>>> print(open('target.tsv').read())   # TSV, C-alpha atoms
chain	number	residue	atom	x	y	z
G	195	MET	CA	56.17	-93.88	190.92
G	196	PHE	CA	52.63	-92.74	191.71
G	197	ASN	CA	50.60	-93.41	194.84
G	198	PHE	CA	48.13	-96.25	194.38
G	199	ASP	CA	45.28	-98.20	195.96
G	200	TYR	CA	45.31	-101.96	195.54
G	201	PHE	CA	42.01	-103.70	196.28
G	202	THR	CA	41.47	-107.38	195.45
G	203	PRO	CA	38.66	-108.77	197.60
G	204	THR	CA	37.92	-111.85	195.48
G	205	LYS	CA	38.45	-115.18	197.23
G	206	VAL	CA	40.05	-117.67	194.82
G	207	ALA	CA	39.60	-121.44	194.91
G	208	PHE	CA	42.14	-122.71	192.38
G	209	GLY	CA	42.81	-126.23	191.11
G	210	LYS	CA	41.23	-129.56	190.31
G	211	ASP	CA	37.75	-130.32	191.65
G	212	THR	CA	37.36	-126.91	193.28
G	213	VAL	CA	33.88	-126.78	191.74
G	214	ASN	CA	32.86	-129.00	194.66
G	215	ARG	CA	33.19	-125.94	196.90
G	216	VAL	CA	30.65	-123.80	195.03
G	217	GLY	CA	27.73	-124.36	197.40
G	218	ASP	CA	29.77	-123.59	200.50
G	219	LEU	CA	31.22	-120.47	198.88
G	220	VAL	CA	27.82	-119.12	197.86
G	221	LYS	CA	26.59	-119.73	201.40
G	222	GLU	CA	29.70	-118.07	202.86
G	223	PHE	CA	28.82	-114.87	201.02
G	224	GLY	CA	25.16	-114.90	201.97
G	225	GLY	CA	23.55	-116.42	198.89
G	226	LYS	CA	20.21	-118.17	199.40
G	227	LYS	CA	18.64	-118.02	195.94
G	228	VAL	CA	20.97	-117.94	192.98
G	229	LEU	CA	20.77	-116.94	189.33
G	230	ILE	CA	23.09	-119.26	187.39
G	231	HIS	CA	24.17	-117.22	184.36
G	232	TYR	CA	26.02	-118.95	181.55
G	233	GLY	CA	26.58	-118.94	177.81
G	234	GLY	CA	26.05	-121.81	175.43
G	235	GLY	CA	26.03	-125.55	175.71
G	236	SER	CA	29.71	-126.20	176.42
G	237	VAL	CA	29.29	-125.95	180.20
G	238	ILE	CA	26.43	-128.43	179.90
G	239	ARG	CA	28.19	-130.84	177.53
G	240	SER	CA	31.28	-130.91	179.74
G	241	GLY	CA	29.22	-131.95	182.77
G	242	LEU	CA	30.26	-128.82	184.65
G	243	MET	CA	26.75	-127.46	184.99
G	244	ASP	CA	25.48	-130.71	186.51
G	245	ARG	CA	28.26	-130.53	189.10
G	246	VAL	CA	27.45	-126.91	189.90
G	247	LYS	CA	23.74	-127.60	190.34
G	248	ALA	CA	24.37	-130.72	192.42
G	249	ASN	CA	26.70	-128.78	194.69
G	250	LEU	CA	24.18	-125.99	195.20
G	251	GLU	CA	21.45	-128.52	195.95
G	252	LYS	CA	23.71	-130.25	198.45
G	253	ALA	CA	24.08	-126.91	200.22
G	254	ASP	CA	20.28	-126.38	200.16
G	255	ILE	CA	20.61	-123.36	197.86
G	256	SER	CA	17.84	-122.86	195.31
G	257	TYR	CA	18.55	-121.50	191.84
G	258	VAL	CA	17.13	-120.38	188.52
G	259	MET	CA	19.04	-120.41	185.25
G	260	LEU	CA	19.65	-117.92	182.47
G	261	GLY	CA	21.77	-118.96	179.49
G	262	GLY	CA	22.55	-117.15	176.29
G	263	ALA	CA	25.58	-115.03	177.15
G	264	VAL	CA	27.63	-114.59	173.97
G	265	PRO	CA	30.99	-113.03	173.11
G	266	ASN	CA	30.57	-109.25	173.26
G	267	PRO	CA	27.64	-109.81	175.67
G	268	ARG	CA	24.40	-108.08	174.77
G	269	LEU	CA	22.45	-105.47	176.67
G	270	SER	CA	19.14	-107.15	175.79
G	271	LEU	CA	20.12	-110.25	177.77
G	272	VAL	CA	21.21	-108.05	180.67
G	273	TYR	CA	17.73	-106.50	180.75
G	274	GLU	CA	16.22	-110.00	180.69
G	275	GLY	CA	18.41	-111.06	183.60
G	276	ILE	CA	17.49	-107.99	185.64
G	277	GLU	CA	13.79	-108.70	185.28
G	278	LEU	CA	14.28	-112.39	186.09
G	279	CYS	CA	16.23	-111.58	189.26
G	280	LYS	CA	13.57	-109.17	190.46
G	281	LYS	CA	10.77	-111.61	189.70
G	282	GLU	CA	12.49	-114.51	191.47
G	283	ASP	CA	13.89	-112.53	194.43
G	284	ILE	CA	17.46	-113.52	193.53
G	285	ASP	CA	20.09	-112.48	196.07
G	286	PHE	CA	23.24	-113.87	194.41
G	287	ILE	CA	24.45	-114.32	190.81
G	288	LEU	CA	26.73	-117.21	189.86
G	289	ALA	CA	28.42	-116.79	186.47
G	290	VAL	CA	29.51	-120.11	184.95
G	291	GLY	CA	31.73	-119.57	181.93
G	292	GLY	CA	34.20	-117.02	180.61
G	293	GLY	CA	34.34	-113.26	180.47
G	294	SER	CA	31.09	-112.86	178.56
G	295	ALA	CA	29.00	-114.59	181.23
G	296	ILE	CA	30.86	-112.78	184.01
G	297	ASP	CA	30.54	-109.33	182.41
G	298	SER	CA	26.86	-109.92	181.73
G	299	ALA	CA	26.37	-111.09	185.33
G	300	LYS	CA	27.99	-107.91	186.64
G	301	ALA	CA	25.71	-105.75	184.50
G	302	ILE	CA	22.68	-107.69	185.73
G	303	GLY	CA	23.90	-107.19	189.30
G	304	TYR	CA	24.17	-103.43	188.76
G	305	GLY	CA	20.70	-103.34	187.24
G	306	VAL	CA	19.12	-105.14	190.19
G	307	ALA	CA	20.87	-103.09	192.86
G	308	ASN	CA	20.30	-99.66	191.27
G	309	GLU	CA	17.24	-97.86	189.98
G	310	GLY	CA	17.02	-96.64	186.40
G	311	ASP	CA	18.60	-97.89	183.19
G	312	VAL	CA	21.74	-99.98	183.74
G	313	TRP	CA	23.14	-98.71	180.42
G	314	ASP	CA	23.60	-95.31	182.08
G	315	PHE	CA	26.66	-96.73	183.85
G	316	TYR	CA	28.23	-97.94	180.60
G	317	ASP	CA	27.30	-94.65	178.91
G	318	TYR	CA	29.15	-92.76	181.70
G	319	LYS	CA	26.04	-90.86	182.79
G	320	ARG	CA	26.13	-91.96	186.43
G	321	LYS	CA	27.89	-94.33	188.83
G	322	ALA	CA	26.58	-97.48	190.46
G	323	GLU	CA	25.90	-97.42	194.18
G	324	GLY	CA	25.91	-101.19	194.60
G	325	CYS	CA	25.76	-104.55	192.87
G	326	LEU	CA	24.15	-107.88	193.62
G	327	PRO	CA	26.95	-110.18	194.88
G	328	ILE	CA	28.65	-112.18	192.11
G	329	GLY	CA	30.45	-115.54	192.19
G	330	VAL	CA	32.30	-117.15	189.30
G	331	VAL	CA	33.05	-120.63	188.03
G	332	LEU	CA	35.63	-119.87	185.35
G	333	THR	CA	35.95	-121.88	182.12
G	334	LEU	CA	38.05	-119.56	179.93
G	335	SER	CA	41.34	-117.83	180.68
G	336	ALA	CA	41.16	-114.43	179.03
G	337	THR	CA	39.36	-111.38	180.36
G	338	GLY	CA	40.39	-111.49	184.01
G	339	SER	CA	36.83	-110.44	184.84
G	340	GLU	CA	36.79	-113.05	187.61
G	341	MET	CA	38.91	-110.73	189.78
G	342	SER	CA	38.56	-107.34	188.12
G	343	ASP	CA	36.28	-104.36	188.69
G	344	SER	CA	35.39	-104.09	184.98
G	345	SER	CA	32.81	-105.41	182.55
G	346	VAL	CA	32.05	-104.70	178.89
G	347	ILE	CA	28.59	-104.78	177.32
G	348	THR	CA	27.38	-104.26	173.74
G	349	LYS	CA	24.23	-102.27	173.09
G	350	GLU	CA	22.60	-103.67	169.96
G	351	GLU	CA	21.07	-100.34	168.99
G	352	GLY	CA	23.88	-98.49	167.27
G	353	LEU	CA	26.32	-101.39	167.89
G	354	VAL	CA	27.93	-99.57	170.81
G	355	LYS	CA	30.40	-101.52	172.97
G	356	ARG	CA	31.34	-99.90	176.27
G	357	GLY	CA	33.04	-100.84	179.51
G	358	TYR	CA	32.26	-99.88	183.09
G	359	SER	CA	34.44	-100.30	186.17
G	360	SER	CA	33.37	-100.30	189.79
G	361	ASP	CA	34.61	-102.06	192.89
G	362	PHE	CA	30.99	-102.97	193.62
G	363	GLY	CA	31.19	-105.41	190.69
G	364	ARG	CA	34.22	-107.34	191.87
G	365	PRO	CA	33.26	-111.02	192.33
G	366	LYS	CA	33.09	-112.33	195.88
G	367	PHE	CA	34.78	-115.58	194.83
G	368	ALA	CA	36.19	-117.29	191.78
G	369	VAL	CA	36.39	-121.06	191.36
G	370	MET	CA	39.17	-121.77	188.86
G	371	ASP	CA	39.80	-125.33	187.63
G	372	PRO	CA	42.15	-125.41	184.61
G	373	GLU	CA	40.70	-128.80	183.62
G	374	TYR	CA	37.62	-127.05	182.23
G	375	THR	CA	39.69	-125.04	179.75
G	376	LYS	CA	41.11	-128.12	178.01
G	377	THR	CA	38.21	-128.43	175.56
G	378	LEU	CA	38.61	-124.90	174.22
G	379	PRO	CA	39.39	-124.58	170.49
G	380	GLU	CA	42.91	-123.42	169.67
G	381	TYR	CA	41.63	-120.05	168.44
G	382	GLN	CA	39.87	-119.32	171.74
G	383	THR	CA	42.92	-120.37	173.75
G	384	ALA	CA	45.20	-118.12	171.69
G	385	SER	CA	42.72	-115.23	171.80
G	386	GLY	CA	42.54	-115.61	175.57
G	387	CYS	CA	46.32	-115.53	175.90
G	388	THR	CA	46.41	-112.39	173.77
G	389	ASP	CA	43.79	-110.71	175.94
G	390	ILE	CA	45.69	-111.61	179.12
G	391	MET	CA	48.89	-110.12	177.74
G	392	MET	CA	47.14	-106.97	176.56
G	393	HIS	CA	45.73	-106.32	180.04
G	394	THR	CA	49.31	-106.13	181.24
G	395	MET	CA	50.69	-104.30	178.19
G	396	GLU	CA	48.02	-101.59	178.48
G	397	ARG	CA	49.37	-100.85	181.96
G	398	TYR	CA	53.02	-101.20	180.89
G	399	PHE	CA	53.16	-98.67	178.04
G	400	THR	CA	52.62	-95.41	179.91
G	401	ASN	CA	54.28	-92.03	180.22
G	402	GLY	CA	53.25	-91.60	183.82
G	403	GLY	CA	54.88	-93.32	186.77
G	404	ASN	CA	56.62	-96.67	186.88
G	405	MET	CA	57.75	-99.01	189.65
G	406	GLU	CA	60.59	-101.48	189.12
G	407	LEU	CA	58.92	-104.29	191.05
G	408	THR	CA	55.67	-103.83	189.13
G	409	ASP	CA	57.58	-103.76	185.84
G	410	GLN	CA	59.34	-107.01	186.64
G	411	ILE	CA	56.07	-108.69	187.66
G	412	ALA	CA	54.52	-107.52	184.38
G	413	GLU	CA	57.46	-108.71	182.31
G	414	GLY	CA	57.51	-112.09	184.03
G	415	LEU	CA	53.78	-112.50	183.46
G	416	LEU	CA	54.13	-111.66	179.76
G	417	ARG	CA	57.00	-114.10	179.25
G	418	THR	CA	55.11	-116.82	181.13
G	419	VAL	CA	51.97	-116.44	179.02
G	420	MET	CA	53.98	-116.41	175.77
G	421	MET	CA	55.83	-119.57	176.72
G	422	ASN	CA	52.70	-121.44	177.75
G	423	ALA	CA	50.62	-120.19	174.82
G	424	LYS	CA	53.11	-121.88	172.49
G	425	ILE	CA	52.99	-125.03	174.59
G	426	LEU	CA	49.19	-125.12	174.36
G	427	ILE	CA	49.25	-124.86	170.57
G	428	ALA	CA	51.19	-128.14	170.54
G	429	GLU	CA	49.74	-129.71	173.71
G	430	PRO	CA	46.18	-128.47	174.34
G	431	ASP	CA	45.70	-131.00	177.18
G	432	ASN	CA	48.74	-129.77	179.15
G	433	TYR	CA	47.29	-129.09	182.62
G	434	GLU	CA	50.32	-127.21	183.95
G	435	ALA	CA	50.33	-124.82	180.99
G	436	ARG	CA	46.56	-124.31	181.37
G	437	ALA	CA	47.06	-123.53	185.06
G	438	GLU	CA	49.85	-121.02	184.40
G	439	VAL	CA	47.72	-119.17	181.84
G	440	MET	CA	44.60	-119.23	184.02
G	441	TRP	CA	46.36	-117.69	187.00
G	442	ALA	CA	48.10	-115.16	184.77
G	443	GLY	CA	44.71	-114.10	183.45
G	444	SER	CA	43.55	-113.15	186.92
G	445	LEU	CA	46.75	-111.37	187.93
G	446	ALA	CA	46.86	-109.44	184.65
G	447	HIS	CA	43.59	-107.65	185.36
G	448	ASN	CA	43.20	-107.42	189.13
G	449	GLY	CA	45.32	-104.26	189.29
G	450	LEU	CA	48.63	-105.87	190.28
G	451	THR	CA	50.52	-105.06	187.07
G	452	GLY	CA	49.49	-101.40	187.25
G	453	CYS	CA	50.59	-100.56	190.79
G	454	GLY	CA	52.56	-97.32	190.80
G	455	SER	CA	51.71	-96.33	187.22
G	456	SER	CA	49.32	-93.70	185.89
G	457	GLY	CA	46.67	-96.37	185.34
G	458	GLY	CA	47.58	-97.44	181.85
G	459	ASP	CA	47.06	-96.45	178.23
G	460	TRP	CA	44.02	-98.59	177.25
G	461	MET	CA	43.71	-97.22	173.72
G	462	SER	CA	44.21	-100.63	172.10
G	463	HIS	CA	41.17	-101.80	174.06
G	464	LYS	CA	39.16	-98.70	173.19
G	465	LEU	CA	39.93	-99.16	169.49
G	466	GLU	CA	39.11	-102.86	169.63
G	467	HIS	CA	35.80	-102.16	171.30
G	468	GLU	CA	34.70	-100.45	168.09
G	469	LEU	CA	35.78	-103.46	166.03
G	470	GLY	CA	33.92	-105.76	168.40
G	471	GLY	CA	30.84	-103.60	168.39
G	472	LEU	CA	30.65	-103.30	164.59
G	473	TYR	CA	31.91	-106.73	163.51
G	474	ASP	CA	31.37	-108.94	166.59
G	475	VAL	CA	34.96	-110.22	166.43
G	476	THR	CA	36.64	-112.21	169.20
G	477	HIS	CA	38.12	-109.68	171.61
G	478	GLY	CA	41.64	-111.09	171.89
G	479	ALA	CA	41.95	-111.53	168.14
G	480	GLY	CA	40.76	-107.97	167.60
G	481	LEU	CA	43.42	-106.72	170.02
G	482	ALA	CA	46.14	-108.61	168.15
G	483	ALA	CA	44.94	-107.15	164.84
G	484	ILE	CA	45.11	-103.56	166.08
G	485	TRP	CA	48.10	-103.60	168.45
G	486	GLY	CA	50.94	-103.45	165.90
G	487	SER	CA	49.47	-100.40	164.19
G	488	TRP	CA	48.84	-98.68	167.53
G	489	ALA	CA	52.41	-99.48	168.64
G	490	ARG	CA	53.97	-98.06	165.47
G	491	TYR	CA	51.88	-94.92	165.79
G	492	VAL	CA	52.82	-94.17	169.41
G	493	TYR	CA	56.22	-95.74	170.10
G	494	LYS	CA	58.30	-92.59	169.50
G	495	ASN	CA	56.30	-90.84	172.23
G	496	CYS	CA	56.95	-93.67	174.69
G	497	LEU	CA	60.35	-94.80	173.47
G	498	SER	CA	61.97	-95.84	176.75
G	499	ARG	CA	59.08	-98.21	177.53
G	500	PHE	CA	59.10	-99.78	174.08
G	501	LYS	CA	62.86	-100.22	174.26
G	502	ARG	CA	62.61	-101.89	177.65
G	503	PHE	CA	59.78	-104.12	176.41
G	504	ALA	CA	61.85	-105.19	173.40
G	505	ILE	CA	64.84	-106.14	175.52
G	506	ARG	CA	63.19	-107.49	178.69
G	507	VAL	CA	60.18	-109.27	177.19
G	508	MET	CA	60.95	-109.98	173.53
G	509	ASP	CA	64.70	-110.77	174.01
G	510	VAL	CA	65.82	-108.22	171.40
G	511	GLU	CA	69.57	-107.59	171.44
G	512	PRO	CA	70.29	-104.07	172.83
G	513	ALA	CA	72.22	-103.03	169.72
G	514	GLY	CA	71.40	-100.07	167.47
G	515	THR	CA	69.41	-96.95	168.17
G	516	ASP	CA	66.57	-96.87	170.65
G	517	GLU	CA	64.10	-96.59	167.77
G	518	GLU	CA	65.58	-99.61	166.00
G	519	ILE	CA	65.37	-101.67	169.18
G	520	ALA	CA	61.76	-100.59	169.77
G	521	ILE	CA	60.71	-101.50	166.23
G	522	LYS	CA	62.35	-104.92	166.56
G	523	GLY	CA	60.34	-105.46	169.73
G	524	ILE	CA	57.09	-104.61	167.94
G	525	GLU	CA	58.02	-106.94	165.08
G	526	ALA	CA	58.86	-109.71	167.54
G	527	MET	CA	55.45	-109.39	169.21
G	528	GLU	CA	53.72	-109.59	165.83
G	529	ALA	CA	55.79	-112.67	165.01
G	530	PHE	CA	54.56	-114.23	168.26
G	531	TYR	CA	50.97	-113.46	167.32
G	532	ARG	CA	51.46	-115.19	163.99
G	533	GLU	CA	53.10	-118.16	165.73
G	534	ILE	CA	49.96	-118.73	167.81
G	535	HIS	CA	47.76	-118.08	164.76
G	536	MET	CA	46.48	-114.67	165.78
G	537	PRO	CA	45.85	-111.90	163.22
G	538	THR	CA	48.16	-108.90	162.91
G	539	ASN	CA	45.92	-106.72	160.74
G	540	LEU	CA	42.24	-106.30	159.92
G	541	SER	CA	42.39	-108.44	156.78
G	542	GLU	CA	43.74	-111.38	158.79
G	543	LEU	CA	41.01	-110.72	161.35
G	544	GLY	CA	38.51	-111.29	158.56
G	545	VAL	CA	37.07	-107.79	158.25
G	546	GLU	CA	37.43	-105.32	155.40
G	547	PRO	CA	36.07	-101.95	156.55
G	548	THR	CA	35.21	-99.25	154.07
G	549	GLU	CA	36.70	-95.80	154.56
G	550	GLU	CA	33.33	-94.66	155.87
G	551	GLU	CA	33.26	-97.50	158.42
G	552	LEU	CA	36.79	-96.62	159.54
G	553	LYS	CA	35.68	-93.03	160.09
G	554	GLN	CA	32.58	-94.25	161.92
G	555	MET	CA	34.65	-96.40	164.30
G	556	ALA	CA	37.11	-93.58	164.96
G	557	HIS	CA	34.31	-91.13	165.70
G	558	LYS	CA	32.49	-93.54	168.04
G	559	CYS	CA	35.77	-94.29	169.80
G	560	ALA	CA	36.50	-90.60	170.28
G	561	VAL	CA	33.00	-90.00	171.64
G	562	GLY	CA	33.35	-93.00	173.95
G	563	VAL	CA	36.58	-91.68	175.51
G	564	GLY	CA	35.42	-88.10	175.78
G	565	GLY	CA	37.36	-86.72	172.84
G	566	GLN	CA	40.91	-87.87	173.55
G	567	PHE	CA	42.61	-90.60	175.54
G	568	GLY	CA	45.86	-92.49	176.04
G	569	SER	CA	49.10	-92.41	178.03
G	570	ALA	CA	51.81	-93.68	175.67
G	571	LYS	CA	50.46	-90.96	173.36
G	572	VAL	CA	47.26	-89.00	173.81
G	573	LEU	CA	45.08	-89.83	170.80
G	574	LYS	CA	42.38	-87.69	169.23
G	575	GLU	CA	39.84	-88.75	166.62
G	576	GLU	CA	42.22	-88.12	163.70
G	577	ASP	CA	44.85	-90.31	165.41
G	578	MET	CA	42.35	-93.10	165.97
G	579	LEU	CA	41.37	-92.98	162.31
G	580	ALA	CA	45.03	-93.11	161.27
G	581	ILE	CA	45.58	-96.25	163.38
G	582	PHE	CA	42.49	-97.94	161.95
G	583	GLU	CA	43.72	-97.08	158.45
G	584	MET	CA	47.17	-98.48	159.23
G	585	ALA	CA	45.67	-101.72	160.52
G	586	ASN	CA	43.49	-101.92	157.41
G	587	LYS	CA	46.51	-101.58	155.09
G	588	GLN	CA	49.13	-103.31	157.22
G	589	GLU	CA	49.08	-106.49	155.13
G	590	GLU	CA	50.44	-104.51	152.19
G	591	LYS	CA	53.49	-103.54	154.23
G	592	ILE	CA	54.91	-107.02	154.81
G	593	ASN	CA	58.23	-107.24	153.01
G	594	GLU	CA	59.72	-110.37	151.50
G	595	SER	CA	61.36	-111.39	154.76
G	596	GLY	CA	57.95	-111.60	156.43
G	597	ARG	CA	58.58	-108.61	158.64
G	598	TYR	CA	56.66	-105.39	158.66
G	599	SER	CA	58.26	-102.24	157.36
G	600	ASP	CA	58.52	-99.25	159.69
G	601	ILE	CA	55.69	-96.84	158.85
>>> encode(input="target.tsv", output="structure tokens")
Amino acid sequence: MFNFDYFTPTKVAFGKDTVNRVGDLVKEFGGKKVLIHYGGGSVIRSGLMDRVKANLEKADISYVMLGGAVPNPRLSLVYEGIELCKKEDIDFILAVGGGSAIDSAKAIGYGVANEGDVWDFYDYKRKAEGCLPIGVVLTLSATGSEMSDSSVITKEEGLVKRGYSSDFGRPKFAVMDPEYTKTLPEYQTASGCTDIMMHTMERYFTNGGNMELTDQIAEGLLRTVMMNAKILIAEPDNYEARAEVMWAGSLAHNGLTGCGSSGGDWMSHKLEHELGGLYDVTHGAGLAAIWGSWARYVYKNCLSRFKRFAIRVMDVEPAGTDEEIAIKGIEAMEAFYREIHMPTNLSELGVEPTEEELKQMAHKCAVGVGGQFGSAKVLKEEDMLAIFEMANKQEEKINESGRYSDI
């Protein structure tokens, strides 16, 4: 077990009708003039935006609005938001939506509070020294950005997708009403569940430091999300299942499931960022498409963790060699992805990269991580390319029983 810091300053208002507390919460954290940042029309069509605005008005808080946040949120909109905040003397940002709106809001907050180009933070050239305070009204269970220190932005020039983490960007509060996730399409719900699980799995598969209590929290969270993801495929209006998944999303990425570890592996995310940057795919689906190939490439270097995962999370019988058990666990996870209609390779994701594009993604990924990265197995550019190639050819390796061959 390693020493660790655990810092989760976000105040959570969870449950039905908690949106009615937005005005008071903004006021509690010093907001007087708010930028409401959101994505498309769903928050308007659902009536949520009207409730948010009415609640701010009731609290005598003025606001301006900036929509347009999209999946894999764009740097150009961040720049627009920074200029709008400066022009309007905004002192608080309220993100209404999912991870895209929240991540974009964080980047805007960094840009207002710091001089220079905000992309410098995401390009690892310097560190933020502050952030405009952020509040969240969450509508999608997925990224965990409502309680995390991280955000991910895509720079259109060069199609570069990068993440930045800083405690300055942690939201002051998060209003979380599972009711507002009921209208999500099945694909978005399943992608969100996949993303939630991956935030925990990235911290779980490490070769540095483990803590039994943290492991059991992580395993319980994974089993809970899997159970409720399957419920939501059959019963999308199930409030209890929506609530379980929403709370799991926050706990999966607020640091809890990494306490005592080396910090996590994170290479599945780094690899997916290149897919998202080049092809604009849904993040959770991209993670599902790459994970099986990553797992097969690294499992022998992290065998005890993959064995434990197979037995404790995927209910694999502890019979056979450690490698056989680990492979069965990987296969079981891929079977779960297929059960909730998530892709398990790049073809199922809907992309068909050329060899040159695979090399391009591997090179950009290697540059983005400083040459090499990973904990389950340290990966260099040639390893990243091999994983992309495996994911690109994985469909060919399904045998007649519907299971993947060991490769």
>>> residues_around(input="target.tsv", residues="segment 547-551 of chain G", least_positions_apart="4", cutoff="9 Å", atoms="only C-alpha atoms", output="PDB file with C-alpha atoms, keeping the file's coordinate frame")
ATOM      1  CA  LEU G 472      30.650-103.300 164.590  1.00  0.00           C
ATOM      2  CA  LEU G 540      42.240-106.300 159.920  1.00  0.00           C
ATOM      3  CA  MET G 555      34.650 -96.400 164.300  1.00  0.00           C
ATOM      4  CA  ALA G 556      37.110 -93.580 164.960  1.00  0.00           C
ATOM      5  CA  GLU G 583      43.720 -97.080 158.450  1.00  0.00           C
ATOM      6  CA  ASN G 586      43.490-101.920 157.410  1.00  0.00           C
TER       7      ASN G 586
END
>>> residues_around(input="target.tsv", residues="Met420 of chain G", least_positions_apart="4", cutoff="10 Å", atoms="all atoms listed in the file", output="number ranges by chain")
G: 384, 387-388, 391, 414-416, 424-425, 439, 507-508, 527, 530-531, 534
>>> residues_around(input="target.tsv", residues="Met584 of chain G", least_positions_apart="2", cutoff="9 Å", atoms="only C-alpha atoms", output="CSV table (one decimal) with C-alpha atoms, in the frame of the given file")
chain,number,residue,atom,x,y,z
G,484,ILE,CA,45.1,-103.6,166.1
G,487,SER,CA,49.5,-100.4,164.2
G,488,TRP,CA,48.8,-98.7,167.5
G,491,TYR,CA,51.9,-94.9,165.8
G,539,ASN,CA,45.9,-106.7,160.7
G,579,LEU,CA,41.4,-93.0,162.3
G,580,ALA,CA,45.0,-93.1,161.3
G,581,ILE,CA,45.6,-96.2,163.4
G,582,PHE,CA,42.5,-97.9,162.0
G,586,ASN,CA,43.5,-101.9,157.4
G,587,LYS,CA,46.5,-101.6,155.1
G,588,GLN,CA,49.1,-103.3,157.2
G,601,ILE,CA,55.7,-96.8,158.8
>>> closest_residue(input="target.tsv", among="G:Lys494, G:His463, G:Lys221, G:His231", to="Arg356 of chain G", atoms="all atoms listed in the file")
G:His463
>>> residues_around(input="target.tsv", residues="Val561 of chain G", least_positions_apart="5", cutoff="12 Å", atoms="only C-alpha atoms", output="ChimeraX atom specification")
/G:317-318,354-356,464-465,468,554-556,566-567,574-575,578
>>> residues_around(input="target.tsv", residues="Ile521 of chain G", least_positions_apart="4", cutoff="9 Å", atoms="all atoms listed in the file", output="list in words")
Ala489, Arg490, Tyr493, Phe500, Lys501, Ala504, Asp516, Glu517, Glu525, Ala526 and Asp600 of chain G
>>> residues_near_point(input="target.tsv", point="(50.9, -104.5, 189.9)", cutoff="8 Å", atoms="all atoms listed in the file", output="compact mmCIF listing (two decimals) with C-alpha atoms, in the coordinates of the input")
# COMPACT_ATOMS: atom_id res chain seq x y z
CA THR G 408 55.67 -103.83 189.13
CA ASP G 409 57.58 -103.76 185.84
CA ILE G 411 56.07 -108.69 187.66
CA ALA G 412 54.52 -107.52 184.38
CA GLY G 449 45.32 -104.26 189.29
CA LEU G 450 48.63 -105.87 190.28
CA THR G 451 50.52 -105.06 187.07
CA GLY G 452 49.49 -101.40 187.25
CA CYS G 453 50.59 -100.56 190.79
CA GLY G 454 52.56 -97.32 190.80
>>> atom_distance(input="target.tsv", atom1="atom CA of Ser456 of chain G", atom2="atom CA of Gly402 of chain G")
4.9 Å
>>> closest_residue(input="target.tsv", among="G:Arg364, G:Lys553, G:His467, G:Arg417", to="Phe201 of chain G", atoms="all atoms listed in the file")
G:Arg364
>>> closest_residue(input="target.tsv", among="G:Asp314, G:Tyr257, G:Ala513, G:Asp459", to="Glu282 of chain G", atoms="only C-alpha atoms")
G:Tyr257
>>> atom_distance(input="target.tsv", atom1="atom CA of Asn401 of chain G", atom2="atom CA of Ser569 of chain G")
5.6 Å
>>> atom_distance(input="target.tsv", atom1="atom CA of Lys210 of chain G", atom2="atom CA of Asp371 of chain G")
5.2 Å
>>> closest_residue(input="target.tsv", among="G:Glu406, G:Asp361, G:Asp285, G:Asp254", to="Leu229 of chain G", atoms="all atoms listed in the file")
G:Asp285
>>> closest_residue(input="target.tsv", among="G:Ile276, G:Ala423, G:Tyr433, G:Val331", to="Glu309 of chain G", atoms="all atoms listed in the file")
G:Ile276
>>> closest_residue(input="target.tsv", among="G:Thr375, G:Asn214, G:Thr202, G:Ser345", to="Ser236 of chain G", atoms="all atoms listed in the file")
G:Thr375
>>> axis_aligned_box(input="target.tsv", around="segment 461-466 of chain G", padding_each_side="4 Å", output="JSON")
{"center_x": 41.7, "center_y": -100.0, "center_z": 171.8, "size_x": 13.1, "size_y": 13.6, "size_z": 12.6}
>>> build_atoms(input="target.tsv", residues="segment 307-315 of chain G", atoms="N, CA and C atoms", output="tab-separated table (two decimals), keeping the file's coordinate frame")
chain	number	residue	atom	x	y	z
G	307	ALA	N	20.55	-103.84	191.64
G	307	ALA	CA	20.87	-103.09	192.86
G	307	ALA	C	20.66	-101.59	192.72
G	308	ASN	N	20.45	-101.10	191.49
G	308	ASN	CA	20.30	-99.66	191.27
G	308	ASN	C	19.05	-99.37	190.46
G	309	GLU	N	18.41	-98.28	190.76
G	309	GLU	CA	17.24	-97.86	189.98
G	309	GLU	C	17.68	-97.31	188.63
G	310	GLY	N	16.73	-97.24	187.69
G	310	GLY	CA	17.02	-96.64	186.40
G	310	GLY	C	17.63	-97.61	185.42
G	311	ASP	N	18.07	-97.09	184.28
G	311	ASP	CA	18.60	-97.89	183.19
G	311	ASP	C	20.06	-98.25	183.46
G	312	VAL	N	20.37	-99.54	183.47
G	312	VAL	CA	21.74	-99.98	183.74
G	312	VAL	C	22.71	-99.46	182.69
G	313	TRP	N	22.24	-99.20	181.47
G	313	TRP	CA	23.14	-98.71	180.42
G	313	TRP	C	23.73	-97.34	180.79
G	314	ASP	N	23.07	-96.61	181.66
G	314	ASP	CA	23.60	-95.31	182.08
G	314	ASP	C	25.02	-95.43	182.62
G	315	PHE	N	25.31	-96.54	183.30
G	315	PHE	CA	26.66	-96.73	183.85
G	315	PHE	C	27.68	-96.90	182.72
